[in-house]
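To be precise, the following lines are run.txt, and they hold compact mmCIF, C-alpha atoms.
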# COMPACT_ATOMS: atom_id res chain seq x y z
CA MET A 1 38.21 117.67 77.95
CA LYS A 2 34.93 116.29 76.65
CA LEU A 3 31.46 116.87 78.04
CA GLY A 4 29.31 114.26 76.38
CA ASP A 5 30.12 114.51 72.66
CA ARG A 6 31.35 118.10 72.95
CA LEU A 7 35.04 119.01 73.18
CA ILE A 8 35.67 121.76 75.72
CA ARG A 9 38.24 124.30 74.51
CA HIS A 10 39.98 126.63 76.96
CA TYR A 11 41.94 129.79 76.15
CA LEU A 12 44.62 129.97 78.82
CA GLN A 13 47.56 131.16 76.74
CA PHE A 14 48.08 132.37 73.19
CA LYS A 15 49.35 129.04 71.84
CA ASP A 16 46.07 127.31 72.79
CA LEU A 17 44.78 128.16 69.30
CA ARG A 18 46.35 127.32 65.93
CA ALA A 19 47.30 129.89 63.30
CA GLU A 20 44.35 128.93 61.08
CA GLU A 21 42.00 129.41 64.03
CA TYR A 22 43.39 132.90 64.57
CA ALA A 23 42.79 133.64 60.89
CA TYR A 24 39.17 132.61 61.35
CA LEU A 25 38.86 134.54 64.61
CA PHE A 26 40.24 137.80 63.16
CA ALA A 27 38.03 137.53 60.07
CA ARG A 28 35.05 136.78 62.30
CA THR A 29 35.85 139.71 64.60
CA ARG A 30 35.75 142.03 61.58
CA ILE A 31 32.16 140.93 60.90
CA ILE A 32 31.10 141.20 64.53
CA LYS A 33 32.65 144.66 64.92
CA SER A 34 31.08 145.88 61.67
CA ARG A 35 27.65 144.83 62.90
CA PHE A 36 28.24 146.67 66.17
CA LYS A 37 29.31 149.85 64.34
CA ASN A 38 26.27 149.67 62.07
CA TYR A 39 23.89 149.16 65.02
CA GLU A 40 22.89 145.75 63.69
CA ARG A 41 21.46 143.48 66.36
CA TYR A 42 23.52 140.29 66.65
CA GLN A 43 22.86 138.06 69.63
CA PRO A 44 24.00 134.47 69.07
CA LEU A 45 24.64 133.90 72.79
CA VAL A 46 21.08 134.38 74.05
CA ASP A 47 20.50 132.30 77.18
CA ARG A 48 24.26 131.82 77.63
CA SER A 49 25.95 133.11 80.79
CA LEU A 50 29.49 134.22 81.55
CA ALA A 51 30.99 134.10 85.03
CA MET A 52 33.78 136.65 85.50
CA ILE A 53 36.09 135.90 88.43
CA PHE A 54 38.43 138.70 89.49
CA GLU A 55 41.27 137.98 91.87
CA LYS A 56 43.01 140.99 90.31
CA ALA A 57 40.98 144.16 89.84
CA SER A 58 40.40 145.54 86.34
CA THR A 59 38.70 148.25 84.31
CA ARG A 60 39.19 147.23 80.68
CA THR A 61 38.87 143.49 81.25
CA ARG A 62 35.61 143.84 83.12
CA VAL A 63 34.02 146.38 80.80
CA SER A 64 35.11 144.63 77.60
CA PHE A 65 33.87 141.18 78.65
CA GLU A 66 30.70 142.42 80.34
CA ALA A 67 29.64 144.78 77.55
CA GLY A 68 30.61 142.24 74.92
CA MET A 69 28.60 139.41 76.46
CA TYR A 70 25.52 141.61 76.84
CA GLN A 71 25.84 142.77 73.23
CA MET A 72 25.94 139.12 72.13
CA GLY A 73 22.68 138.48 74.00
CA GLY A 74 24.11 136.71 77.05
CA SER A 75 24.21 137.48 80.74
CA VAL A 76 27.09 138.10 83.14
CA LEU A 77 27.90 137.23 86.75
CA HIS A 78 30.68 139.30 88.35
CA MET A 79 32.58 137.62 91.18
CA THR A 80 35.58 138.57 93.32
CA THR A 81 37.46 136.67 96.00
CA GLY A 82 35.81 138.95 98.54
CA ASP A 83 32.26 137.85 97.73
CA SER A 84 32.80 134.17 96.91
CA GLN A 85 34.26 131.04 98.49
CA LEU A 86 37.35 131.48 96.30
CA GLY A 87 38.56 133.95 98.91
CA ARG A 88 37.78 131.61 101.81
CA ALA A 89 40.19 128.78 101.04
CA GLU A 90 37.76 126.59 99.07
CA PRO A 91 39.86 124.39 96.76
CA VAL A 92 40.00 125.72 93.22
CA ALA A 93 38.87 122.33 91.92
CA ASP A 94 35.70 122.47 94.03
CA SER A 95 34.89 126.01 92.88
CA ALA A 96 35.40 124.96 89.26
CA ARG A 97 33.13 121.94 89.60
CA VAL A 98 30.32 124.04 91.08
CA ILE A 99 30.55 127.24 89.02
CA SER A 100 30.90 125.42 85.70
CA ARG A 101 27.66 123.53 86.32
CA MET A 102 25.74 126.83 86.48
CA VAL A 103 27.22 128.91 83.66
CA ASP A 104 28.34 128.41 80.06
CA LEU A 105 31.69 130.21 80.13
CA VAL A 106 34.18 131.42 82.75
CA MET A 107 36.70 134.25 82.52
CA ILE A 108 39.32 134.47 85.27
CA ARG A 109 41.77 137.27 86.03
CA THR A 110 44.19 136.03 88.66
CA PHE A 111 47.81 135.69 89.78
CA GLU A 112 49.66 132.43 89.07
CA GLN A 113 48.95 130.60 85.81
CA THR A 114 48.74 127.35 87.77
CA ARG A 115 45.59 128.67 89.47
CA ILE A 116 43.64 129.13 86.23
CA GLU A 117 45.00 125.85 84.86
CA GLY A 118 43.75 124.08 87.99
CA PHE A 119 40.31 125.63 87.52
CA ALA A 120 40.21 124.64 83.86
CA ARG A 121 41.10 121.03 84.58
CA HIS A 122 37.90 120.66 86.60
CA SER A 123 35.61 122.92 84.55
CA ARG A 124 32.76 121.61 82.41
CA VAL A 125 32.77 124.80 80.32
CA PRO A 126 35.41 126.86 78.47
CA VAL A 127 37.72 128.96 80.63
CA ILE A 128 39.33 132.19 79.34
CA ASN A 129 42.47 133.80 80.76
CA GLY A 130 41.65 137.45 81.47
CA LEU A 131 45.23 137.91 82.77
CA THR A 132 47.72 135.98 84.88
CA ASN A 133 51.23 136.80 86.04
CA GLU A 134 52.60 134.78 83.14
CA TYR A 135 50.28 135.51 80.17
CA HIS A 136 47.76 138.01 78.81
CA PRO A 137 46.42 136.36 75.63
CA CYS A 138 43.25 138.44 75.20
CA GLN A 139 45.30 141.65 75.11
CA ILE A 140 47.67 140.35 72.43
CA LEU A 141 44.62 139.12 70.52
CA ALA A 142 43.34 142.70 70.53
CA ASP A 143 46.76 144.14 69.66
CA LEU A 144 47.20 141.89 66.64
CA TYR A 145 43.69 142.60 65.43
CA THR A 146 44.36 146.32 65.76
CA TYR A 147 47.56 146.01 63.73
CA ILE A 148 45.71 144.07 61.01
CA GLU A 149 42.94 146.67 61.04
CA HIS A 150 45.45 149.47 60.41
CA ARG A 151 47.94 147.68 58.14
CA GLY A 152 46.12 144.72 56.60
CA GLN A 153 44.93 144.72 53.00
CA ARG A 154 42.25 142.03 53.22
CA PHE A 155 40.14 140.59 56.02
CA ASP A 156 39.11 137.33 54.42
CA GLU A 157 40.21 134.26 56.33
CA ALA A 158 42.72 133.15 53.70
CA ASN A 159 44.66 136.43 53.75
CA VAL A 160 44.02 138.16 57.07
CA LEU A 161 47.34 137.07 58.60
CA ASP A 162 49.46 138.11 55.61
CA CYS A 163 50.32 141.54 56.97
CA LEU A 164 51.90 139.97 60.08
CA LYS A 165 54.39 137.83 58.19
CA GLY A 166 57.93 139.10 58.69
CA ILE A 167 57.09 142.27 60.63
CA THR A 168 59.11 143.37 63.66
CA VAL A 169 57.47 144.21 66.97
CA ALA A 170 59.62 146.14 69.46
CA TRP A 171 58.91 145.41 73.11
CA VAL A 172 60.37 148.08 75.43
CA GLY A 173 60.18 147.59 79.19
CA ASP A 174 59.40 144.79 81.61
CA GLY A 175 59.77 141.15 80.60
CA ASN A 176 56.28 140.46 81.91
CA ASN A 177 53.13 138.56 80.90
CA MET A 178 52.64 140.80 77.86
CA ALA A 179 56.17 140.14 76.63
CA ASN A 180 55.75 136.40 77.13
CA THR A 181 52.56 136.42 75.11
CA TRP A 182 54.09 138.49 72.30
CA LEU A 183 56.76 135.80 71.97
CA GLN A 184 54.14 133.07 71.70
CA ALA A 185 52.29 135.04 69.03
CA ALA A 186 55.49 135.69 67.07
CA GLU A 187 56.45 132.03 66.95
CA LEU A 188 52.95 130.95 65.94
CA LEU A 189 52.18 133.64 63.37
CA GLY A 190 55.58 134.22 61.79
CA PHE A 191 56.93 137.58 62.91
CA LYS A 192 59.85 138.77 65.05
CA VAL A 193 60.01 140.49 68.42
CA HIS A 194 62.84 142.82 69.44
CA ILE A 195 63.04 142.92 73.23
CA SER A 196 64.80 145.45 75.41
CA THR A 197 64.47 145.27 79.18
CA PRO A 198 66.56 146.58 82.06
CA SER A 199 69.01 144.14 83.61
CA GLY A 200 67.21 141.87 86.02
CA TYR A 201 63.84 142.18 84.26
CA GLU A 202 64.50 140.02 81.20
CA VAL A 203 62.00 137.75 79.50
CA ASN A 204 62.35 134.08 80.36
CA PRO A 205 61.85 132.13 77.10
CA ALA A 206 61.12 128.99 79.12
CA VAL A 207 58.01 130.65 80.58
CA ALA A 208 56.86 131.73 77.12
CA GLY A 209 57.70 128.25 75.86
CA VAL A 210 59.27 129.47 72.61
CA SER A 211 62.50 128.97 70.71
CA ALA A 212 65.12 131.69 70.32
CA ASP A 213 64.31 132.03 66.59
CA CYS A 214 61.34 134.36 67.07
CA PHE A 215 63.05 137.14 69.06
CA ARG A 216 66.22 139.16 69.57
CA VAL A 217 67.38 140.85 72.75
CA PHE A 218 68.86 144.37 72.77
CA ASN A 219 70.55 146.13 75.66
CA HIS A 220 69.43 149.56 74.47
CA PRO A 221 65.74 150.23 73.70
CA LEU A 222 66.61 152.53 70.78
CA GLU A 223 68.32 149.61 69.04
CA ALA A 224 65.27 147.40 69.64
CA CYS A 225 63.04 149.98 67.96
CA ALA A 226 65.20 150.30 64.84
CA GLY A 227 63.12 149.31 61.82
CA ALA A 228 60.17 148.11 63.91
CA HIS A 229 56.67 148.13 62.45
CA LEU A 230 55.09 148.27 65.89
CA VAL A 231 56.49 149.66 69.14
CA THR A 232 54.75 148.63 72.33
CA THR A 233 55.26 148.79 76.07
CA ASP A 234 53.56 148.40 79.45
CA VAL A 235 53.73 149.94 82.91
CA TRP A 236 57.00 149.55 84.77
CA THR A 237 55.28 147.98 87.77
CA SER A 238 52.56 145.43 87.09
CA MET A 239 49.81 144.62 89.56
CA GLY A 240 51.16 142.48 92.39
CA TYR A 241 54.64 144.00 92.26
CA GLU A 242 53.87 147.34 93.91
CA ALA A 243 56.46 146.75 96.65
CA GLU A 244 59.14 147.05 93.94
CA ASN A 245 57.83 150.35 92.60
CA GLU A 246 60.68 152.67 93.66
CA GLU A 247 63.34 150.14 92.68
CA ARG A 248 61.73 149.72 89.28
CA ARG A 249 61.48 153.48 88.72
CA LYS A 250 65.25 153.69 88.97
CA ALA A 251 65.93 150.60 86.85
CA PHE A 252 63.54 151.55 84.03
CA VAL A 253 64.39 155.25 83.66
CA ASP A 254 65.92 154.76 80.18
CA TRP A 255 63.03 152.55 78.99
CA CYS A 256 60.55 155.33 78.25
CA VAL A 257 59.22 155.18 74.68
CA ASP A 258 59.80 158.65 73.23
CA ASP A 259 59.95 160.46 69.89
CA GLU A 260 63.53 159.30 69.29
CA MET A 261 62.55 155.64 69.58
CA MET A 262 59.55 156.10 67.30
CA ALA A 263 61.77 157.91 64.77
CA ALA A 264 64.10 154.89 64.75
CA ALA A 265 61.19 152.62 63.82
CA GLN A 266 59.54 152.42 60.39
CA PRO A 267 58.09 155.79 59.26
CA ASP A 268 54.55 154.41 59.55
CA ALA A 269 55.18 152.40 62.73
CA LEU A 270 52.31 152.12 65.19
CA PHE A 271 52.50 152.58 68.96
CA MET A 272 50.47 150.42 71.35
CA HIS A 273 50.02 150.21 75.11
CA CYS A 274 47.62 147.88 76.93
CA LEU A 275 46.72 150.64 79.46
CA PRO A 276 46.52 152.08 82.04
CA ALA A 277 49.47 154.27 81.06
CA HIS A 278 51.70 156.56 83.09
CA ARG A 279 52.76 159.44 80.85
CA GLY A 280 56.35 160.42 81.55
CA GLU A 281 57.27 156.92 82.79
CA GLU A 282 57.02 154.08 80.26
CA VAL A 283 55.91 156.45 77.45
CA THR A 284 55.92 160.17 76.82
CA ALA A 285 52.70 162.09 76.35
CA GLU A 286 53.90 163.09 72.87
CA VAL A 287 53.99 159.44 71.77
CA ILE A 288 50.85 158.02 73.39
CA ASP A 289 48.79 161.05 72.36
CA GLY A 290 50.54 161.41 69.00
CA PRO A 291 49.54 160.42 65.45
CA GLN A 292 51.22 156.99 65.53
CA SER A 293 49.39 155.89 68.66
CA VAL A 294 46.43 153.51 68.24
CA VAL A 295 45.86 152.81 71.93
CA TRP A 296 42.18 153.78 71.90
CA ASP A 297 41.39 151.50 68.96
CA GLU A 298 43.41 148.83 70.75
CA ALA A 299 41.35 149.26 73.94
CA GLU A 300 38.03 149.07 72.09
CA ASN A 301 39.14 146.03 70.14
CA ARG A 302 39.51 144.05 73.36
CA MET A 303 35.72 143.91 73.39
CA HIS A 304 35.33 142.90 69.75
CA VAL A 305 37.96 140.14 69.67
CA GLN A 306 36.64 138.75 72.95
CA LYS A 307 33.16 138.61 71.46
CA GLY A 308 34.61 136.61 68.60
CA LEU A 309 36.50 134.40 71.03
CA MET A 310 33.44 133.70 73.19
CA GLU A 311 31.37 132.90 70.12
CA PHE A 312 34.08 130.52 68.87
CA LEU A 313 34.50 128.70 72.20
CA LEU A 314 30.76 128.26 72.68
CA LEU A 315 29.47 127.75 69.14
CA GLY A 316 32.50 126.78 67.08
CA ARG A 317 32.95 128.08 63.53
CA ILE A 318 30.03 130.04 62.12
CA GLY A 319 29.27 129.49 58.44
Encoding of this model in structure tokens:
Amino acid sequence: MKLGDRLIRHYLQFKDLRAEEYAYLFARTRIIKSRFKNYERYQPLVDRSLAMIFEKASTRTRVSFEAGMYQMGGSVLHMTTGDSQLGRAEPVADSARVISRMVDLVMIRTFEQTRIEGFARHSRVPVINGLTNEYHPCQILADLYTYIEHRGQRFDEANVLDCLKGITVAWVGDGNNMANTWLQAAELLGFKVHISTPSGYEVNPAVAGVSADCFRVFNHPLEACAGAHLVTTDVWTSMGYEAENEERRKAFVDWCVDDEMMAAAQPDALFMHCLPAHRGEEVTAEVIDGPQSVVWDEAENRMHVQKGLMEFLLLGRIG
């Protein structure tokens, strides 16, 4: 979409950006994070405003976007369906037309992907997917940056993606929005995903929109973890599926990432989890609190990569 001479870019799923744009974004995030850690004032988004629309509640998404936008010099409006017309049957298109005339950027955390796509079609400003049932691109953005931070050799734009080439990521658990987004990232950036889910909870490649070349499916999670450079998982019951909780507890009992699975992976393999975590369910306390876990870096990096993303969508390439 164009607004005058300006092309409006949305970030609704991981494949909305090209590999070279991710290289720029990760290199840029390194600079932005370094300035934050060194207490250097950096506020390129002064007088810019972000509207955050939550149809699904959140801790990390809200804090990371809100803190990040304030740190970049902008302002934030927090909205829920309970305190806006979005919860009173106003058409999504009408809400998009109004809200996007008053702010510079919109982040939405909602249910069906079609809802955020409908909003974006009628928005005059960039729209960011903070999470939908189908995709969670900002989380995978943070996860990949965290892996590069721990395993990459160089952070210049020409080389920042090198450490991802040919690695294996083991996904253990539900074939959910996180799994779909990992598949998109693998196909775009040149790595493999090993997937192990209980029967009935498989990933649907058609939803991810990827070919079968970027992933392999394993019946047993231990086999999926064999030789992996990164092992990652999520809660057994995602938000919106609470009615299935007891059924899922029974189905997922063997899909708990433990020391045996981590031992099957590469000796220096990392463990990630998007949080919140349930110790003793999808991961043992020994793993998530152990030396291979980088979940706290991963959580913090949501803020830094999102700052880079907001800067990119609003200002384009810097330098």
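Between CA of Ile128 in chain A and CA of Gly74 in chain A there is a distance of 16.0 Å.
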Exercise for the section: Using all atoms listed in the file, determine which residues lie at most 9 Å from range 167-171 of chain A, disregarding the query and same-chain residues fewer than 3 positions distant; provide the list as a ChimeraX atom specification. Expected result: /A:163-164,174-175,179,182,186,190-197,221,224-234,265
Please produce a file of those selected residues containing C-alpha atoms, as a PDB file, in the coordinates of the input.
ATOM      1  CA  CYS A 163      50.320 141.540  56.970  1.00  0.00           C
ATOM      2  CA  LEU A 164      51.900 139.970  60.080  1.00  0.00           C
ATOM      3  CA  ASP A 174      59.400 144.790  81.610  1.00  0.00           C
ATOM      4  CA  GLY A 175      59.770 141.150  80.600  1.00  0.00           C
ATOM      5  CA  ALA A 179      56.170 140.140  76.630  1.00  0.00           C
ATOM      6  CA  TRP A 182      54.090 138.490  72.300  1.00  0.00           C
ATOM      7  CA  ALA A 186      55.490 135.690  67.070  1.00  0.00           C
ATOM      8  CA  GLY A 190      55.580 134.220  61.790  1.00  0.00           C
ATOM      9  CA  PHE A 191      56.930 137.580  62.910  1.00  0.00           C
ATOM     10  CA  LYS A 192      59.850 138.770  65.050  1.00  0.00           C
ATOM     11  CA  VAL A 193      60.010 140.490  68.420  1.00  0.00           C
ATOM     12  CA  HIS A 194      62.840 142.820  69.440  1.00  0.00           C
ATOM     13  CA  ILE A 195      63.040 142.920  73.230  1.00  0.00           C
ATOM     14  CA  SER A 196      64.800 145.450  75.410  1.00  0.00           C
ATOM     15  CA  THR A 197      64.470 145.270  79.180  1.00  0.00           C
ATOM     16  CA  PRO A 221      65.740 150.230  73.700  1.00  0.00           C
ATOM     17  CA  ALA A 224      65.270 147.400  69.640  1.00  0.00           C
ATOM     18  CA  CYS A 225      63.040 149.980  67.960  1.00  0.00           C
ATOM     19  CA  ALA A 226      65.200 150.300  64.840  1.00  0.00           C
ATOM     20  CA  GLY A 227      63.120 149.310  61.820  1.00  0.00           C
ATOM     21  CA  ALA A 228      60.170 148.110  63.910  1.00  0.00           C
ATOM     22  CA  HIS A 229      56.670 148.130  62.450  1.00  0.00           C
ATOM     23  CA  LEU A 230      55.090 148.270  65.890  1.00  0.00           C
ATOM     24  CA  VAL A 231      56.490 149.660  69.140  1.00  0.00           C
ATOM     25  CA  THR A 232      54.750 148.630  72.330  1.00  0.00           C
ATOM     26  CA  THR A 233      55.260 148.790  76.070  1.00  0.00           C
ATOM     27  CA  ASP A 234      53.560 148.400  79.450  1.00  0.00           C
ATOM     28  CA  ALA A 265      61.190 152.620  63.820  1.00  0.00           C
TER      29      ALA A 265
END
Practice task
State, in Å with one decimal place, the distance from CA of Arg97 in chain A to CA of Ser123 in chain A.
Solution key: 5.7 Å
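You can rank A:Asn180, A:Leu161, A:Leu188, A:Phe111 by their closest distance to Tyr241 in chain A using all atoms listed in the file, and at the top of that list sits A:Phe111.
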Problem - Neighbour residues at most 9 Å from (19.7, 133.6, 69.9) (only C-alpha atoms) as a VMD selection string - result: chain A and resid 42 to 47 72 to 74
Practice task
In the coordinates of the file, take the point (55.1, 131.2, 73.3) and a cut-off of 10 Å; then, counting only C-alpha atoms, name each qualifying protein, DNA or RNA residue as a PyMOL selection string.
Solution key: chain A and resi 13-16+135+179-188+205-211+214
Interface rows for range 115-234 of chain A against range 22-29 of chain A: nearest pair, Å to one decimal, 8 Å, only C-alpha atoms, as a Markdown table:
| residue | atom | partner | partner_atom | distance |
| --- | --- | --- | --- | --- |
| A:Tyr145 | CA | A:Phe26 | CA | 6.3 |
| A:Phe155 | CA | A:Ala27 | CA | 5.5 |
| A:Asp156 | CA | A:Ala27 | CA | 5.8 |
| A:Glu157 | CA | A:Ala23 | CA | 5.3 |
| A:Ala158 | CA | A:Ala23 | CA | 7.2 |
| A:Asn159 | CA | A:Ala23 | CA | 7.9 |
| A:Val160 | CA | A:Ala23 | CA | 6.0 |
| A:Leu161 | CA | A:Ala23 | CA | 6.1 |
Exercise for the section: Please provide as a ChimeraX atom specification all residues within 9 Å of Ser49 in chain A, with the sequence filter that same-chain residues fewer than 4 positions apart are discarded (counting all atoms listed in the file). Expected result: /A:45,69,74-77,102-106
Exercise for the section: Please provide the set of residues having any atom within 8 Å of range 140-143 of chain A, restricted to only C-alpha atoms, with same-chain residues fewer than 5 positions apart removed, written as a count of residues only. Expected result: 10
Exercise for the section: Would you please work out which residue, of A:His10, A:Thr61, A:Leu314, A:Val294, is nearest to Arg151 in chain A when using all atoms listed in the file? Expected result: A:Val294
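In this comparison, which uses only C-alpha atoms, the residue of A:Gly316, A:Leu7, A:Val98, A:Ile31 approaching Ala51 in chain A most closely is A:Val98.
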